[in-house]
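Q: I have a structure here, written as structure tokens, and I will follow up with some questions on it.
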Amino acid sequence: MNFSRNIAAIFLILSFNPFVLSQVTDSHGGDFVVVTGTTTYESIWMGVPVLTLVGESMMCRITGSAMTRLGYSEFVTTSRKAYVSCARDMVQNLPRLSKIRCGLRKSATKSIFNAQLHVRELENACRDIW
């Protein structure tokens, strides 16, 4: 399997699919550009779930963290083989992706975009440490 060619084809298909934004972060470099942070959060806000291949650095783990917090850890992969498999599975189940997309912004508003919740969790963590 020529990973670079095959994954590039899947990336292209998913990038233009209205149901999935495919985003790859690879701390080992070479195959993909790292796209995290703002792009991830804007995609989630628009209701677009993000598929990610996590790396080792913090910047290569942001999307995985966000998708896990939202309850969609199946969008977080840790190997190239798992990424390809997940991407293939997603494009074969568009009704499921559509359902996820319809509820993604609402879910995000209740968790990762909820400033009051973050403050409360930080306050509790500080109390626990104190």
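Starting from 1 in every chain, residues are counted up; chains themselves are A, B, ... following the order of the structure tokens, and ligands are numbered from 1 as listed.
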Which region 38-71 of chain A residues have any atom within 7 Å of an atom of region 105-117 of chain A, and for each, what is the nearest pair of atoms with distance in Å to one decimal, counting only C-alpha atoms, rows sorted by chain and number, as CSV?
A:
residue,atom,partner,partner_atom,distance
A:Ile44,CA,A:Arg105,CA,6.4
A:Trp45,CA,A:Arg105,CA,5.2
A:Met46,CA,A:Arg105,CA,6.7
A:Gly47,CA,A:Arg105,CA,5.3
A:Leu70,CA,A:Ala108,CA,6.4
Q: Please produce a file of those selected residues containing N, CA, C and O atoms, as a PDB file, in the first residue's frame.
A:
ATOM      1  N   ILE A  44     -16.029  22.417  13.963  1.00  0.00           N
ATOM      2  CA  ILE A  44     -17.004  21.895  14.929  1.00  0.00           C
ATOM      3  C   ILE A  44     -18.180  22.850  15.047  1.00  0.00           C
ATOM      4  O   ILE A  44     -19.335  22.427  15.056  1.00  0.00           O
ATOM      5  N   TRP A  45     -17.915  24.149  15.130  1.00  0.00           N
ATOM      6  CA  TRP A  45     -18.990  25.141  15.239  1.00  0.00           C
ATOM      7  C   TRP A  45     -19.921  25.070  14.030  1.00  0.00           C
ATOM      8  O   TRP A  45     -21.129  25.244  14.145  1.00  0.00           O
ATOM      9  N   MET A  46     -19.359  24.766  12.861  1.00  0.00           N
ATOM     10  CA  MET A  46     -20.162  24.655  11.642  1.00  0.00           C
ATOM     11  C   MET A  46     -20.844  23.297  11.540  1.00  0.00           C
ATOM     12  O   MET A  46     -21.548  23.020  10.571  1.00  0.00           O
ATOM     13  N   GLY A  47     -20.612  22.418  12.538  1.00  0.00           N
ATOM     14  CA  GLY A  47     -21.243  21.115  12.528  1.00  0.00           C
ATOM     15  C   GLY A  47     -20.503  20.082  11.716  1.00  0.00           C
ATOM     16  O   GLY A  47     -21.091  19.099  11.272  1.00  0.00           O
ATOM     17  N   LEU A  70     -16.173  15.885  23.121  1.00  0.00           N
ATOM     18  CA  LEU A  70     -17.526  15.917  22.557  1.00  0.00           C
ATOM     19  C   LEU A  70     -18.182  14.539  22.514  1.00  0.00           C
ATOM     20  O   LEU A  70     -19.353  14.422  22.192  1.00  0.00           O
TER      21      LEU A  70
END
Q: Can you pull out every residue within 12 Å of Thr78 (chain A), counting only C-alpha atoms, but drop anything in the same chain fewer than 2 positions away, and send it as an MDAnalysis selection string?
A: chainID A and resid 24:27 51:56 60:61 64 73:76 80:86
Q: State, in Å with one decimal place, the distance from CA of Ala66 (chain A) to CA of Lys99 (chain A).
A: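 Pair CA of Ala66 (chain A) / CA of Lys99 (chain A) returns 18.4 Å.
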Q: Counting only C-alpha atoms, which residue out of A:Ser57, A:Thr40, A:Arg127, A:Pro49 sits closest to Arg101 (chain A)?
A: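 That would be A:Pro49, the residue with the smallest distance to Arg101 (chain A).
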Q: Quick one: DSSP helix (DSSP H, G or I) residues in region 26-122 of chain A, as a VMD selection string?
A: chain A and resid 38 to 45 58 to 60 62 to 69 73 to 75 80 to 91 94 to 110 115 to 122
Q: When you draw a straight line from CA of Gly71 (chain A) to CA of Asn124 (chain A), how long is it in Å?
A: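 Separating CA of Gly71 (chain A) from CA of Asn124 (chain A) is a distance of 21.8 Å.
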Q: In Å, with one decimal, what is the gap from CA of Thr77 (chain A) to CA of Met90 (chain A)?
A: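 CA of Thr77 (chain A) sits 12.9 Å away from CA of Met90 (chain A).
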Q: Could you tell me which of A:Leu97, A:Met67, A:Ala87, A:Ala125 comes closest to Val50 (chain A) if we count only C-alpha atoms?
A: A:Met67
Q: Restricting the calculation to only C-alpha atoms, which member of A:Ser65, A:Ser79, A:Ser43, A:Gln92 is positioned closest to Leu104 (chain A)?
A: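 Closest candidate: A:Ser43.
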